[in-house]
>>> print(open('work17.txt').read())   # compact mmCIF, C-alpha atoms
# COMPACT_ATOMS: atom_id res chain seq x y z
CA MET A 1 -26.74 56.89 133.85
CA ARG A 2 -22.99 56.49 134.14
CA LYS A 3 -21.57 55.44 137.47
CA ILE A 4 -18.89 57.60 139.02
CA ALA A 5 -15.76 55.64 139.84
CA PRO A 6 -15.13 55.31 143.60
CA ILE A 7 -11.56 56.66 143.22
CA PHE A 8 -12.89 59.79 141.58
CA LEU A 9 -15.33 60.33 144.44
CA LEU A 10 -12.51 59.97 146.94
CA ILE A 11 -10.37 62.55 145.16
CA LEU A 12 -13.33 64.93 144.94
CA LEU A 13 -14.11 64.51 148.64
CA LEU A 14 -10.51 65.21 149.63
CA ALA A 15 -10.40 68.32 147.46
CA ILE A 16 -13.62 69.67 148.98
CA THR A 17 -12.43 68.92 152.51
CA ALA A 18 -9.09 70.64 151.93
CA GLY A 19 -10.78 73.67 150.43
CA CYS A 20 -13.38 74.09 153.14
CA GLY A 21 -11.54 73.05 156.25
CA GLY A 22 -7.95 74.03 155.35
CA LYS A 23 -5.94 75.94 157.95
CA GLN A 24 -3.16 78.44 157.31
CA THR A 25 0.07 77.29 158.95
CA THR A 26 1.67 80.04 161.00
CA ASN A 27 5.39 80.67 161.09
CA ALA A 28 5.51 79.42 164.68
CA GLU A 29 3.68 76.21 163.77
CA SER A 30 5.98 75.74 160.79
CA LYS A 31 8.98 75.98 163.08
CA GLU A 32 7.49 73.48 165.51
CA LYS A 33 6.99 70.94 162.72
CA ASN A 34 10.39 71.53 161.14
CA SER A 35 12.94 69.49 163.05
CA GLU A 36 15.76 71.19 161.12
CA VAL A 37 15.06 74.67 162.47
CA LYS A 38 18.33 76.19 163.69
CA LYS A 39 18.32 77.67 167.19
CA VAL A 40 20.06 81.04 167.40
CA VAL A 41 21.07 82.31 170.84
CA VAL A 42 20.98 86.10 170.88
CA GLY A 43 23.00 87.85 173.57
CA THR A 44 21.47 91.06 174.86
CA GLY A 45 21.14 93.09 178.05
CA THR A 46 18.47 94.26 180.44
CA GLN A 47 19.75 97.70 181.38
CA PHE A 48 19.76 99.82 178.22
CA PRO A 49 16.71 102.13 178.33
CA ASN A 50 14.36 101.59 175.36
CA ILE A 51 16.90 99.31 173.61
CA CYS A 52 16.93 96.16 175.73
CA PHE A 53 15.39 96.26 179.19
CA ILE A 54 12.84 94.64 181.50
CA ASP A 55 9.51 96.47 181.50
CA GLU A 56 7.11 96.92 184.41
CA ASN A 57 5.56 93.53 183.65
CA GLY A 58 8.89 91.72 183.85
CA LYS A 59 9.10 91.27 180.07
CA LEU A 60 12.32 91.65 178.06
CA THR A 61 11.61 94.25 175.40
CA GLY A 62 12.94 97.39 173.71
CA TYR A 63 13.88 98.33 170.17
CA ASP A 64 16.66 95.78 169.61
CA VAL A 65 14.63 92.98 171.18
CA GLU A 66 11.54 93.70 169.09
CA VAL A 67 13.60 93.97 165.87
CA ILE A 68 14.95 90.47 166.55
CA ARG A 69 11.40 89.23 167.12
CA ALA A 70 10.34 90.77 163.81
CA ILE A 71 13.30 89.08 162.08
CA ASP A 72 12.32 85.78 163.69
CA LYS A 73 8.90 85.98 162.02
CA LEU A 74 10.54 86.39 158.61
CA LEU A 75 12.98 83.48 158.92
CA PRO A 76 11.16 80.13 159.30
CA ASP A 77 14.43 78.17 159.22
CA TYR A 78 15.67 79.86 162.40
CA GLU A 79 14.40 80.26 165.94
CA PHE A 80 15.85 83.16 167.92
CA ASP A 81 16.15 82.85 171.70
CA PHE A 82 17.50 85.55 174.02
CA LYS A 83 20.20 85.14 176.63
CA THR A 84 20.62 88.19 178.85
CA MET A 85 23.83 89.27 180.55
CA GLU A 86 25.89 92.28 181.53
CA PHE A 87 27.10 94.30 178.57
CA SER A 88 30.74 93.68 179.52
CA ASN A 89 30.22 89.91 179.09
CA LEU A 90 28.67 89.98 175.62
CA LEU A 91 31.80 90.02 173.47
CA LEU A 92 33.53 87.27 175.45
CA SER A 93 30.38 85.13 175.27
CA LEU A 94 30.29 85.57 171.50
CA GLU A 95 33.98 84.79 171.16
CA THR A 96 33.62 81.59 173.18
CA LYS A 97 30.45 80.62 171.23
CA LYS A 98 28.15 80.71 174.24
CA ILE A 99 25.93 82.88 172.07
CA ASP A 100 25.56 83.12 168.27
CA MET A 101 24.96 86.85 167.87
CA ILE A 102 24.61 90.10 169.82
CA ALA A 103 21.72 92.58 169.72
CA HIS A 104 22.75 95.46 171.96
CA ASN A 105 23.08 98.69 169.96
CA MET A 106 26.55 97.63 168.76
CA ALA A 107 28.66 99.90 166.58
CA GLN A 108 31.73 98.91 164.59
CA ASN A 109 35.28 99.50 165.70
CA GLU A 110 38.55 97.99 164.50
CA GLU A 111 39.03 95.69 167.48
CA ARG A 112 35.58 94.17 167.07
CA LYS A 113 35.96 93.80 163.30
CA LYS A 114 39.10 91.70 163.76
CA LYS A 115 37.26 89.11 165.85
CA PHE A 116 33.65 89.17 164.71
CA LEU A 117 31.25 89.62 161.79
CA PHE A 118 28.97 92.61 161.48
CA ASN A 119 25.93 92.35 159.26
CA ASP A 120 25.86 94.70 156.26
CA GLU A 121 22.45 96.28 156.83
CA THR A 122 22.39 98.78 159.67
CA TYR A 123 19.10 98.67 161.55
CA ASN A 124 19.57 101.79 163.66
CA TYR A 125 21.62 104.95 164.10
CA SER A 126 22.77 105.93 167.57
CA PRO A 127 23.60 109.66 167.84
CA LEU A 128 25.63 110.29 170.98
CA TYR A 129 25.73 113.76 172.51
CA ILE A 130 27.58 115.18 175.48
CA THR A 131 25.14 114.76 178.35
CA VAL A 132 25.36 116.82 181.52
CA ASN A 133 23.34 117.73 184.58
CA GLU A 134 20.47 120.02 183.65
CA LYS A 135 22.02 122.81 185.78
CA THR A 136 25.35 122.72 183.90
CA ASP A 137 25.69 125.64 181.47
CA ASP A 138 29.43 125.78 180.72
CA VAL A 139 29.81 122.55 178.72
CA LYS A 140 29.01 122.39 175.00
CA THR A 141 32.03 120.63 173.48
CA LEU A 142 34.64 118.02 174.40
CA GLU A 143 37.16 120.83 174.85
CA ASP A 144 34.97 122.18 177.64
CA LEU A 145 35.58 118.89 179.49
CA ASN A 146 39.34 119.39 179.75
CA GLY A 147 40.29 118.68 183.37
CA ARG A 148 36.86 117.22 184.10
CA LYS A 149 35.40 113.75 184.44
CA ILE A 150 33.31 111.94 181.84
CA ILE A 151 31.83 108.51 182.51
CA ALA A 152 31.36 105.70 179.97
CA GLY A 153 30.74 101.97 180.03
CA ALA A 154 33.90 99.90 179.73
CA THR A 155 34.36 98.45 176.19
CA SER A 156 31.46 100.58 174.89
CA ASN A 157 31.83 102.47 171.64
CA ALA A 158 31.67 105.70 173.62
CA ALA A 159 34.61 104.58 175.76
CA VAL A 160 36.64 103.53 172.71
CA PHE A 161 35.98 106.91 171.07
CA LEU A 162 36.88 108.85 174.21
CA GLU A 163 40.09 106.89 174.73
CA LYS A 164 41.18 107.65 171.17
CA TYR A 165 40.17 111.31 171.46
CA ASN A 166 42.04 111.66 174.74
CA LYS A 167 45.20 110.09 173.31
CA GLU A 168 45.13 112.48 170.36
CA HIS A 169 44.50 115.55 172.55
CA GLY A 170 46.95 115.15 175.41
CA ASN A 171 44.80 113.06 177.77
CA LYS A 172 43.11 116.14 179.17
CA ILE A 173 39.79 114.48 179.99
CA ASN A 174 39.51 112.13 182.96
CA ILE A 175 37.59 109.07 181.75
CA VAL A 176 35.71 107.21 184.47
CA TYR A 177 34.33 103.76 183.74
CA ALA A 178 30.82 102.93 184.88
CA GLY A 179 30.40 100.07 187.30
CA GLN A 180 27.92 97.23 186.98
CA GLY A 181 24.28 98.25 187.18
CA SER A 182 21.93 100.28 185.07
CA ASP A 183 22.04 103.50 187.10
CA ASP A 184 25.74 103.97 187.89
CA ALA A 185 26.40 106.67 185.30
CA THR A 186 23.05 108.32 186.02
CA THR A 187 23.72 108.38 189.78
CA GLN A 188 27.27 109.68 189.47
CA LEU A 189 26.20 112.44 187.09
CA LYS A 190 23.25 113.48 189.23
CA LYS A 191 25.35 113.60 192.41
CA GLY A 192 28.12 115.59 190.73
CA ARG A 193 30.78 112.89 190.98
CA VAL A 194 31.33 113.18 187.23
CA ASP A 195 30.71 116.09 184.88
CA ALA A 196 29.34 114.39 181.77
CA THR A 197 28.65 111.25 179.81
CA LEU A 198 27.81 110.45 176.20
CA ALA A 199 24.22 109.42 175.58
CA THR A 200 21.42 109.40 173.04
CA PRO A 201 18.46 111.78 173.37
CA PHE A 202 16.07 108.85 173.79
CA ALA A 203 18.13 107.38 176.65
CA VAL A 204 18.25 110.77 178.38
CA ASP A 205 14.51 111.23 177.96
CA PHE A 206 13.87 107.76 179.38
CA SER A 207 16.13 108.34 182.40
CA ASN A 208 14.58 111.72 183.14
CA LYS A 209 11.09 110.23 183.15
CA ALA A 210 11.98 107.00 184.95
CA VAL A 211 14.31 108.18 187.71
CA ASP A 212 14.36 111.99 187.47
CA ALA A 213 17.95 111.90 186.24
CA GLU A 214 18.13 115.69 185.74
CA GLN A 215 20.05 115.32 182.46
CA LYS A 216 20.20 117.20 179.18
CA VAL A 217 22.10 116.78 175.91
CA VAL A 218 24.23 119.68 174.70
CA GLY A 219 26.13 120.71 171.58
CA ASP A 220 26.39 118.76 168.35
CA ILE A 221 26.40 115.02 167.73
CA ILE A 222 29.72 113.58 168.94
CA ILE A 223 29.32 110.14 167.36
CA ASN A 224 26.56 109.15 164.97
CA SER A 225 27.19 105.43 164.95
CA LYS A 226 25.60 102.97 162.59
CA VAL A 227 24.22 100.10 164.64
CA TYR A 228 24.59 96.46 163.62
CA PHE A 229 24.14 92.93 164.85
CA LEU A 230 27.35 91.14 165.73
CA PHE A 231 28.06 87.49 164.83
CA ASN A 232 30.68 84.85 165.40
CA LYS A 233 32.87 84.57 162.29
CA ALA A 234 31.51 81.07 161.60
CA GLU A 235 27.99 82.45 161.17
CA SER A 236 28.26 83.99 157.69
CA GLU A 237 25.12 82.21 156.48
CA LEU A 238 23.08 83.48 159.43
CA LYS A 239 24.48 86.97 158.85
CA GLY A 240 23.27 86.89 155.25
CA GLU A 241 19.79 85.73 156.24
CA VAL A 242 19.51 88.46 158.87
CA ASP A 243 20.61 91.07 156.31
CA GLU A 244 17.81 90.03 153.96
CA ALA A 245 15.29 90.21 156.81
CA VAL A 246 16.47 93.69 157.83
CA LYS A 247 16.04 94.86 154.23
CA GLN A 248 12.46 93.63 154.29
CA LEU A 249 11.79 95.37 157.60
CA LYS A 250 13.11 98.62 156.13
CA GLU A 251 10.99 98.29 153.01
CA ASN A 252 7.75 97.42 154.80
CA GLY A 253 8.12 100.20 157.38
CA THR A 254 8.55 97.95 160.42
CA LEU A 255 11.87 99.50 161.47
CA THR A 256 10.43 103.01 161.29
CA LYS A 257 7.39 101.96 163.32
CA LEU A 258 9.45 100.24 166.01
CA SER A 259 11.94 103.11 166.21
CA LYS A 260 9.21 105.70 166.71
CA LYS A 261 7.55 103.52 169.34
CA TRP A 262 10.64 102.78 171.41
CA LEU A 263 13.03 105.63 170.62
CA GLY A 264 10.65 108.51 170.01
CA ASP A 265 11.79 109.21 166.47
CA ASP A 266 12.89 107.40 163.32
CA TYR A 267 16.47 106.41 164.08
CA SER A 268 16.41 103.77 161.34
CA VAL A 269 17.60 106.62 159.11
CA GLU A 270 20.61 108.82 159.70
CA SER A 271 20.18 112.02 161.71
CA ASN A 272 21.67 115.30 160.51
>>> encode(input="work17.txt", output="structure tokens")
Amino acid sequence: MRKIAPIFLLILLLAITAGCGGKQTTNAESKEKNSEVKKVVVGTGTQFPNICFIDENGKLTGYDVEVIRAIDKLLPDYEFDFKTMEFSNLLLSLETKKIDMIAHNMAQNEERKKKFLFNDETYNYSPLYITVNEKTDDVKTLEDLNGRKIIAGATSNAAVFLEKYNKEHGNKINIVYAGQGSDDATTQLKKGRVDATLATPFAVDFSNKAVDAEQKVVGDIIINSKVYFLFNKAESELKGEVDEAVKQLKENGTLTKLSKKWLGDDYSVESN
């Protein structure tokens, strides 16, 4: 009988051990072992209903937050960490490189495009409607707001749109800028200090359920903005990686699933 070489037995034993006791390495474990993983600081907020907010358990969550977490799972060479702040501080923080990207329902405008990078793949659409107190029946269009007050967050896409509209139409609408805090616009509208705001149906639904905001959307879509992530101009490689991840999330149905969960409908596709 031929003797089996000791080296052959060792190789066979290692093969059997690997096959029987092998363990699948998770993406998180892979990141822990990879010392070259790049940390990405994502600026977001805590006061945008269903987009980025603190839930009843004190957890940061919402559609934008969970999309970033889904992207994180697809990109083993990156680790995404959130840094929360007021919306008005996000752009300055990105410009001064205190954060690497923004996830806060951001739409494009010319001023932002001059300073920052937007990714190519939109991950959401944000249809803004005129939003009024539920008892208001004489407002359906922007023309109906001539001589009245409409509130918007400073530097928001809604504010930029309204400023341009006002300039082109004789400054007939009085634009009021919301103060710090999640409920300023809601409170002012409910108490009759302003006549309208621009909001998405899902934000109105959330506010009505959470704080009895007494709001309703009226008329047609005023702005149907494509929503993107925003990057510092030095982060073109990161932008490209995020684009590829967003494509995968579209193809595998993750964006649709998250949108229906957090926003009540599939806003990953354009509304009519």
>>> closest_residue(input="work17.txt", among="A:His104, A:Leu117, A:Lys83, A:Asp64", to="Gly240 (chain A)", atoms="all atoms listed in the file")
A:Leu117
>>> closest_atom_pairs(input="work17.txt", of="region 33-96 of chain A", to="region 138-157 of chain A", cutoff="12 Å", atoms="only C-alpha atoms", output="Markdown table")
| residue | atom | partner | partner_atom | distance |
| --- | --- | --- | --- | --- |
| A:Gln47 | CA | A:Gly153 | CA | 11.9 |
| A:Phe48 | CA | A:Gly153 | CA | 11.3 |
| A:Glu86 | CA | A:Gly153 | CA | 10.9 |
| A:Phe87 | CA | A:Ser156 | CA | 8.5 |
| A:Ser88 | CA | A:Thr155 | CA | 6.9 |
| A:Asn89 | CA | A:Thr155 | CA | 9.9 |
| A:Leu90 | CA | A:Thr155 | CA | 10.2 |
| A:Leu91 | CA | A:Thr155 | CA | 9.2 |
| A:Leu92 | CA | A:Thr155 | CA | 11.2 |
>>> closest_residue(input="work17.txt", among="A:Gly253, A:Gly43, A:Gly58, A:Gly264", to="Lys97 (chain A)", atoms="all atoms listed in the file")
A:Gly43
>>> atom_distance(input="work17.txt", atom1="CA of Phe161 (chain A)", atom2="CA of Asp212 (chain A)")
27.6 Å
>>> residues_around(input="work17.txt", residues="region 109-115 of chain A", least_positions_apart="2", cutoff="9 Å", atoms="only C-alpha atoms", output="compact mmCIF listing (two decimals) with C-alpha atoms, in the frame of the given file")
# COMPACT_ATOMS: atom_id res chain seq x y z
CA LEU A 91 31.80 90.02 173.47
CA GLU A 95 33.98 84.79 171.16
CA ALA A 107 28.66 99.90 166.58
CA LEU A 117 31.25 89.62 161.79
CA PHE A 118 28.97 92.61 161.48
CA ASN A 157 31.83 102.47 171.64
CA VAL A 160 36.64 103.53 172.71
CA LEU A 230 27.35 91.14 165.73
CA ASN A 232 30.68 84.85 165.40
CA LYS A 233 32.87 84.57 162.29
>>> closest_residue(input="work17.txt", among="A:Ala103, A:Val132, A:Ala245, A:Ala185", to="Gly62 (chain A)", atoms="all atoms listed in the file")
A:Ala103
>>> atom_distance(input="work17.txt", atom1="CA of Trp262 (chain A)", atom2="CA of Lys226 (chain A)")
17.4 Å
>>> residues_around(input="work17.txt", residues="Leu189 (chain A)", least_positions_apart="6", cutoff="8 Å", atoms="only C-alpha atoms", output="ChimeraX atom specification")
/A:132-133,195-197
>>> closest_residue(input="work17.txt", among="A:Val269, A:Leu162, A:Ile130, A:Met85", to="Lys257 (chain A)", atoms="all atoms listed in the file")
A:Val269
>>> atom_distance(input="work17.txt", atom1="CA of Phe231 (chain A)", atom2="CA of Asn119 (chain A)")
7.7 Å
>>> closest_residue(input="work17.txt", among="A:Asn57, A:Thr200, A:Asn174, A:Asn105", to="Ile221 (chain A)", atoms="all atoms listed in the file")
A:Thr200
>>> closest_residue(input="work17.txt", among="A:Gly45, A:Asp205, A:Thr186, A:Lys39", to="Asp265 (chain A)", atoms="only C-alpha atoms")
A:Asp205
>>> residues_near_point(input="work17.txt", point="(22.0, 75.6, 164.5)", cutoff="10 Å", atoms="all atoms listed in the file", output="list in words")
Glu36, Val37, Lys38, Lys39, Val40, Val41, Asp77, Tyr78, Glu79, Asp100, Glu235 and Leu238 of chain A
>>> write_last_selection(input="work17.txt", atoms="C-alpha atoms", output="PDB file, keeping the file's coordinate frame")
ATOM      1  CA  GLU A  36      15.760  71.190 161.120  1.00  0.00           C
ATOM      2  CA  VAL A  37      15.060  74.670 162.470  1.00  0.00           C
ATOM      3  CA  LYS A  38      18.330  76.190 163.690  1.00  0.00           C
ATOM      4  CA  LYS A  39      18.320  77.670 167.190  1.00  0.00           C
ATOM      5  CA  VAL A  40      20.060  81.040 167.400  1.00  0.00           C
ATOM      6  CA  VAL A  41      21.070  82.310 170.840  1.00  0.00           C
ATOM      7  CA  ASP A  77      14.430  78.170 159.220  1.00  0.00           C
ATOM      8  CA  TYR A  78      15.670  79.860 162.400  1.00  0.00           C
ATOM      9  CA  GLU A  79      14.400  80.260 165.940  1.00  0.00           C
ATOM     10  CA  ASP A 100      25.560  83.120 168.270  1.00  0.00           C
ATOM     11  CA  GLU A 235      27.990  82.450 161.170  1.00  0.00           C
ATOM     12  CA  LEU A 238      23.080  83.480 159.430  1.00  0.00           C
TER      13      LEU A 238
END
>>> residues_around(input="work17.txt", residues="Glu66 (chain A)", least_positions_apart="4", cutoff="9 Å", atoms="all atoms listed in the file", output="PyMOL selection string")
chain A and resi 51-52+61-62+70-71+258
>>> axis_aligned_box(input="work17.txt", around="region 62-68 of chain A", padding_each_side="3 Å", output="AutoDock Vina command-line options")
--center_x 14.1 --center_y 94.4 --center_z 169.8 --size_x 11.1 --size_y 13.9 --size_z 13.8
